[in-house]
Amino acid sequence: MRIDNNSKHHVGIVGAGWAGLAAAVALTREGIPVTVFEASRHLGGRARRVSLNEGDDEIPLDNGQHILIGAYQATLRMMRAVGAAPGHLLSRIPLELRYTDGFHLRAPLLPYPLNLAVALLAAYGLRLGSGMAALRLMRALQARDFRIAPDRSVSQLLAEHAQDAVLCRHLWEPLCVSALNTPPARASAQVFANVLRDGLTGARHNSDLLVPRTDLGALFPDPAARFITAHGGSIHSGTPVRSISRHDGGFRIDGRPEHHSHTIVAVAPQHAAALLAPLEAACPALAATRQAIERIDYEPIVTCYLQYAPGVTTWQPMLGFTDGIVQWAFDRGHILTPDPYRKPDTLSSGLIAAVISASGSHEDMDNDALAAQVHEEIRGALWARKGVNLAPRWTRVIREKRATFSCTPGLQRPVGVTPLAGLLLAGDYVASDHPGTLEAAVRSGVAAAARITTA
Ligand SMILES: Cc1cc2nc3c(=O)[nH]c(=O)nc-3n(C[C@H](O)[C@H](O)[C@H](O)COP(=O)(O)OP(=O)(O)OC[C@H]3O[C@@H](n4cnc5c(N)ncnc54)[C@H](O)[C@@H]3O)c2cc1C
């Protein structure tokens with residue numbers, strides 16, 4: 001594939017998160033020249049590498065521990081397209097939920113629905129009747145083609161289908177919070193049903209957990225940037241776009257001389273409205289799109305890294321907690337192996353990432369108090385009974401206050417095609433079946449590119 005210098009299109013893309021980069025890769029693959037503008041010096045947006053300097057070591061962390069699932073088909077295709085082999089960069093674990101209180105559910109390597117039936121009926125810590133109730137819920141959703149009308153909260157849906165406390169606490173609510181990043185009492189049952197449809201039904205591997213073995217930069221943003229520039233595209237990082245203006249049937253970005261036939265606004269919703277507002281003079285109907293974006297609310301995610309002595313491990317790549325503020329602990333030493341893009345290192349040994357999704361009382365704690373509480377919960381669950389007294393060498397709390405949009409019932413999300421010809425939106429918040437995830441971001445970028453290539 002080569003960039004066509006005589007292409008009638010030249011696309012400006014604002015934002016180099018996974019949506020913007022996916023759009024740029026998809027266009028580049030079609031030979032359409034792109035220029036990507038990214039405000040930050042780092043690519044990847046809300047799924048990016050963060051380097052921490054500890055003594056002489058530069059430790060690659062992420063702005064938040066991420067997990068993918070086998071159903072992320074568009075994301076996996078994108079990774080392959082830029083030479084980032086999912087088989088090397090992601091640990092594929094058949095669906096397994098293991099909690100510190102002993103609850104344990106594992107899907108065997110059987111086709112759907114047998115895998116789900118065995119997982120639920122044989123789960124340790126779950127009564128047979130509860131497993132049956134969960135299967136009945138799945139069957140009821142399937143019978144109505146996973147359509148929930150009118151939309152309601154996940155808590156309401158679970159109550160209507162008599163899901164008991166153990167099921168809710170260990171299965172449905174953690175799935176809801178992890179996937180929708182919204183507490184079940186406020187989360188959309190429709191989007192939750194979509195997640196269950198995509199993740200738990202269909203091909204067996206859809207439900208596999210894909211845990212990155214590398215930092216998020218190496219997973220897609222870095223190889224995507226290499227791909228785009230190697231094929232003639234440009235990426236300007238550290239370049240916040242301040243204005244998009246109409247120019248000769250197309251667009252100019254920040255008054256630069258280049259003419260863009262199309263512009264894809266691939267920034268998070270809190271940044272999108274300000275870029276759209278000035279264009280309303282040329283297209284008053286754009287106000288409705290901006291207003292839909294402004295109505296979006298947000299949910300946070302906190303990741304707390306704790307570095308213990310090398311060799312300290314939870315023995316599990318991913319371990320669930322139910323009693324405190326920690327929801328999941330990822331043992332980075334267990335899952336991060338040297339990757340093809342960086343020199344081998346052992347820096348991750350003893351490094352645990354604790355994840356706290358959605359809003360909650362933890363938001364009122366300062367970083368020191370929060371890290372201390374996270375350490376206490378991990379110590380209490382894993383080591384205290386064995387009399388092991390470990391303390392972290394350092395901790396680091398990363399708070400993403402607007403990690404994703406709040407995925408509430410009936411939320412009207414803006415569509416990717418705006419009323420202004422040639423102006424497209426991409427991002428995890430753009431209307432789709434999906435909650436705010438990497439897959440939603442990538443799909444929106446690919447869809448925006450397809451609007452241009454098929455126009
Ligand atoms: C802590 C955390 C954990 C998460 N965990 C998961 C997970 O486990 N699994 C999962 O699938 N998803 C997860 N997500 C969600 C996922 O990261 C997001 O859905 C996805 O990264 C959104 O990508 P995006 O491209 O739509 O937006 P963004 O990543 O926000 O990208 C927008 C880009 O635009 C840039 N920008 C903004 N304004 C301008 C401007 N004026 N000019 C130029 N550039 C601009 C920003 O700097 C940014 O790089 C998590 C998110 C967070 C924060």
# chains A, B, ... in the order shown; residues from 1 in each chain; ligands from 1
$ residues_near_ligand --ligand "ligand 1" --cutoff "7 Å" --atoms "only C-alpha atoms and all ligand atoms" --output "PDB file with C-alpha atoms, in the first residue's frame"
ATOM      1  CA  VAL A  14      -7.367  15.583  15.862  1.00  0.00           C
ATOM      2  CA  GLY A  15      -6.324  13.252  18.697  1.00  0.00           C
ATOM      3  CA  ALA A  16      -3.969  10.267  18.725  1.00  0.00           C
ATOM      4  CA  GLY A  17      -5.792   8.028  21.166  1.00  0.00           C
ATOM      5  CA  TRP A  18      -6.763   4.567  19.964  1.00  0.00           C
ATOM      6  CA  ALA A  19      -9.709   5.990  17.959  1.00  0.00           C
ATOM      7  CA  GLY A  20      -7.641   8.611  16.100  1.00  0.00           C
ATOM      8  CA  PHE A  37      -2.443  16.247  15.633  1.00  0.00           C
ATOM      9  CA  GLU A  38      -1.973  15.177  19.249  1.00  0.00           C
ATOM     10  CA  ALA A  39      -1.938  17.583  22.178  1.00  0.00           C
ATOM     11  CA  SER A  40       0.238  15.414  24.378  1.00  0.00           C
ATOM     12  CA  LEU A  43       0.425   8.861  21.952  1.00  0.00           C
ATOM     13  CA  GLY A  44      -2.384   6.600  23.131  1.00  0.00           C
ATOM     14  CA  GLY A  45      -4.626   9.030  25.036  1.00  0.00           C
ATOM     15  CA  ARG A  46      -6.407   7.247  27.879  1.00  0.00           C
ATOM     16  CA  ALA A  47      -4.542   4.008  27.099  1.00  0.00           C
ATOM     17  CA  ASN A  63      -1.969   5.343  32.970  1.00  0.00           C
ATOM     18  CA  GLY A  64      -4.298   2.533  34.014  1.00  0.00           C
ATOM     19  CA  GLN A  65      -4.213  -1.238  33.943  1.00  0.00           C
ATOM     20  CA  HIS A  66      -6.177  -2.334  30.873  1.00  0.00           C
ATOM     21  CA  ILE A  67      -7.640  -5.659  29.906  1.00  0.00           C
ATOM     22  CA  LEU A  68      -9.044  -6.751  26.551  1.00  0.00           C
ATOM     23  CA  THR A 239       0.442  19.995  19.140  1.00  0.00           C
ATOM     24  CA  PRO A 240      -2.918  20.858  20.707  1.00  0.00           C
ATOM     25  CA  VAL A 241      -5.409  21.907  18.062  1.00  0.00           C
ATOM     26  CA  ARG A 242      -7.143  25.155  18.973  1.00  0.00           C
ATOM     27  CA  ALA A 266     -11.026  11.989  17.752  1.00  0.00           C
ATOM     28  CA  VAL A 267     -10.693  13.683  21.136  1.00  0.00           C
ATOM     29  CA  ALA A 268     -12.454  12.718  24.372  1.00  0.00           C
ATOM     30  CA  HIS A 271     -12.494  18.312  24.614  1.00  0.00           C
ATOM     31  CA  ILE A 301     -10.767   4.891  37.347  1.00  0.00           C
ATOM     32  CA  VAL A 302      -7.959   4.793  39.880  1.00  0.00           C
ATOM     33  CA  THR A 303      -4.935   2.557  39.432  1.00  0.00           C
ATOM     34  CA  GLU A 400      -8.164   9.294  35.668  1.00  0.00           C
ATOM     35  CA  ARG A 402     -12.785  11.177  33.328  1.00  0.00           C
ATOM     36  CA  ALA A 403     -11.759   7.647  32.446  1.00  0.00           C
ATOM     37  CA  THR A 404     -14.918   6.889  30.460  1.00  0.00           C
ATOM     38  CA  ALA A 426     -14.454   9.219  16.502  1.00  0.00           C
ATOM     39  CA  GLY A 427     -13.986   8.104  20.076  1.00  0.00           C
ATOM     40  CA  ASP A 428     -15.227   5.554  22.584  1.00  0.00           C
ATOM     41  CA  TYR A 429     -18.265   7.746  23.371  1.00  0.00           C
ATOM     42  CA  GLY A 436     -16.341   3.212  26.663  1.00  0.00           C
ATOM     43  CA  THR A 437     -13.634   0.718  25.788  1.00  0.00           C
ATOM     44  CA  LEU A 438     -10.666   0.276  23.481  1.00  0.00           C
ATOM     45  CA  GLU A 439     -12.886  -1.735  21.164  1.00  0.00           C
ATOM     46  CA  ALA A 440     -15.444   1.078  20.959  1.00  0.00           C
ATOM     47  CA  ALA A 441     -12.644   3.583  20.267  1.00  0.00           C
TER      48      ALA A 441
END
$ residues_around --residues "Gly333 in chain A" --least-positions-apart "5" --cutoff "7 Å" --atoms "only C-alpha atoms" --output "list in words"
Ser348, Ser349, Gly350 and Leu351 of chain A
$ write_last_selection --atoms "N, CA and C atoms" --output "PDB file, in the first residue's frame"
ATOM      1  N   SER A 348       9.417  -5.490  36.344  1.00  0.00           N
ATOM      2  CA  SER A 348       8.035  -5.639  36.785  1.00  0.00           C
ATOM      3  C   SER A 348       7.865  -6.657  37.895  1.00  0.00           C
ATOM      4  N   SER A 349       8.914  -7.387  38.219  1.00  0.00           N
ATOM      5  CA  SER A 349       8.750  -8.407  39.249  1.00  0.00           C
ATOM      6  C   SER A 349       8.381  -7.750  40.580  1.00  0.00           C
ATOM      7  N   GLY A 350       7.341  -8.255  41.222  1.00  0.00           N
ATOM      8  CA  GLY A 350       6.900  -7.683  42.503  1.00  0.00           C
ATOM      9  C   GLY A 350       5.991  -6.472  42.346  1.00  0.00           C
ATOM     10  N   LEU A 351       5.650  -6.130  41.099  1.00  0.00           N
ATOM     11  CA  LEU A 351       4.813  -4.935  40.864  1.00  0.00           C
ATOM     12  C   LEU A 351       3.344  -5.349  40.734  1.00  0.00           C
TER      13      LEU A 351
END
$ residues_around --residues "Gly217 in chain A" --least-positions-apart "3" --cutoff "7 Å" --atoms "only C-alpha atoms" --output "list in words"
Gly44, Arg48, Arg49, Phe220, Pro221 and Asp222 of chain A
$ closest_atom_pairs --of "range 44-88 of chain A" --to "range 180-200 of chain A" --cutoff "12 Å" --atoms "only C-alpha atoms" --output "tab-separated table"
residue	atom	partner	partner_atom	distance
A:Leu68	CA	A:Gly199	CA	10.6
A:Ile69	CA	A:Gly199	CA	7.3
A:Gly70	CA	A:Gly199	CA	7.5
A:Ala71	CA	A:Gly199	CA	5.8
A:Tyr72	CA	A:Gly199	CA	8.8
A:Gln73	CA	A:Asp198	CA	10.3
$ select_by_dssp --residues "range 298-362 of chain A" --states "alpha helix (DSSP H)" --output "VMD selection string"
chain A and resid 332 to 335
$ write_last_selection --atoms "C-alpha atoms" --output "PDB file, in the first residue's frame"
ATOM      1  CA  ARG A 332       2.505  -7.269  36.550  1.00  0.00           C
ATOM      2  CA  GLY A 333       5.550  -9.420  37.312  1.00  0.00           C
ATOM      3  CA  HIS A 334       3.422 -12.451  36.523  1.00  0.00           C
ATOM      4  CA  ILE A 335       2.058 -11.153  33.233  1.00  0.00           C
TER       5      ILE A 335
END
$ select_by_dssp --residues "range 304-422 of chain A" --states "strand (DSSP E)" --output "PyMOL selection string"
chain A and resi 304-307+318-320+328-331+351-357+394-405
$ atom_distance --atom1 "CA of Pro257 in chain A" --atom2 "CA of Ile235 in chain A"
16.1 Å
$ atom_distance --atom1 "CA of Pro212 in chain A" --atom2 "CA of Thr314 in chain A"
17.1 Å
$ atom_distance --atom1 "CA of Arg413 in chain A" --atom2 "CA of Ala288 in chain A"
11.2 Å
$ residues_around --residues "His362 in chain A" --least-positions-apart "2" --cutoff "10 Å" --atoms "only C-alpha atoms" --output "list in words"
Val302, Gly324, Ile325, Val326, Ile356, Ala358, Ser359, Gly360, Asp364, Met365, Asp366, Asn367, Ala369, Leu370 and Gln373 of chain A
$ write_last_selection --atoms "C-alpha atoms" --output "PDB file, in the first residue's frame"
ATOM      1  CA  VAL A 302      -7.959   4.793  39.880  1.00  0.00           C
ATOM      2  CA  GLY A 324     -12.835  -3.097  50.379  1.00  0.00           C
ATOM      3  CA  ILE A 325     -11.967  -0.502  47.800  1.00  0.00           C
ATOM      4  CA  VAL A 326      -9.738  -2.725  45.623  1.00  0.00           C
ATOM      5  CA  ILE A 356     -10.686   0.743  41.401  1.00  0.00           C
ATOM      6  CA  ALA A 358     -16.172   3.925  38.775  1.00  0.00           C
ATOM      7  CA  SER A 359     -17.015   6.461  41.467  1.00  0.00           C
ATOM      8  CA  GLY A 360     -16.977   5.659  45.171  1.00  0.00           C
ATOM      9  CA  ASP A 364     -12.163  11.328  48.912  1.00  0.00           C
ATOM     10  CA  MET A 365      -8.896   9.707  50.041  1.00  0.00           C
ATOM     11  CA  ASP A 366      -5.526  11.335  49.340  1.00  0.00           C
ATOM     12  CA  ASN A 367      -2.921   9.290  47.474  1.00  0.00           C
ATOM     13  CA  ALA A 369      -4.115   7.081  52.404  1.00  0.00           C
ATOM     14  CA  LEU A 370      -5.424   5.312  49.341  1.00  0.00           C
ATOM     15  CA  GLN A 373      -5.496   1.093  52.293  1.00  0.00           C
TER      16      GLN A 373
END
$ closest_atom_pairs --of "range 365-407 of chain A" --to "range 97-116 of chain A" --cutoff "10 Å" --atoms "only C-alpha atoms" --output "Markdown table"
| residue | atom | partner | partner_atom | distance |
| --- | --- | --- | --- | --- |
| A:Ile378 | CA | A:Thr100 | CA | 9.1 |
| A:Gly380 | CA | A:Thr100 | CA | 9.8 |
| A:Ala381 | CA | A:Thr100 | CA | 6.1 |
| A:Leu382 | CA | A:Thr100 | CA | 7.5 |
$ write_last_selection --atoms "C-alpha atoms" --output "PDB file, in the first residue's frame"
ATOM      1  CA  ILE A 378      -3.762  -6.971  49.578  1.00  0.00           C
ATOM      2  CA  GLY A 380      -4.775  -8.929  54.607  1.00  0.00           C
ATOM      3  CA  ALA A 381      -6.061 -11.134  51.805  1.00  0.00           C
ATOM      4  CA  LEU A 382      -2.813 -12.730  50.726  1.00  0.00           C
TER       5      LEU A 382
END
$ closest_residue --among "A:Ala140, A:Leu216, A:Met132, A:Val415" --to "Thr289 in chain A" --atoms "only C-alpha atoms"
A:Val415
$ closest_residue --among "A:Glu294, A:Ala353, A:Gln307, A:Leu126" --to "Ala391 in chain A" --atoms "only C-alpha atoms"
A:Gln307
$ residues_around --residues "Asp164 in chain A" --least-positions-apart "3" --cutoff "7 Å" --atoms "only C-alpha atoms" --output "VMD selection string"
chain A and resid 130 167 to 168
$ residues_around --residues "Lys8 in chain A" --least-positions-apart "5" --cutoff "10 Å" --atoms "only C-alpha atoms" --output "count of residues only"
4
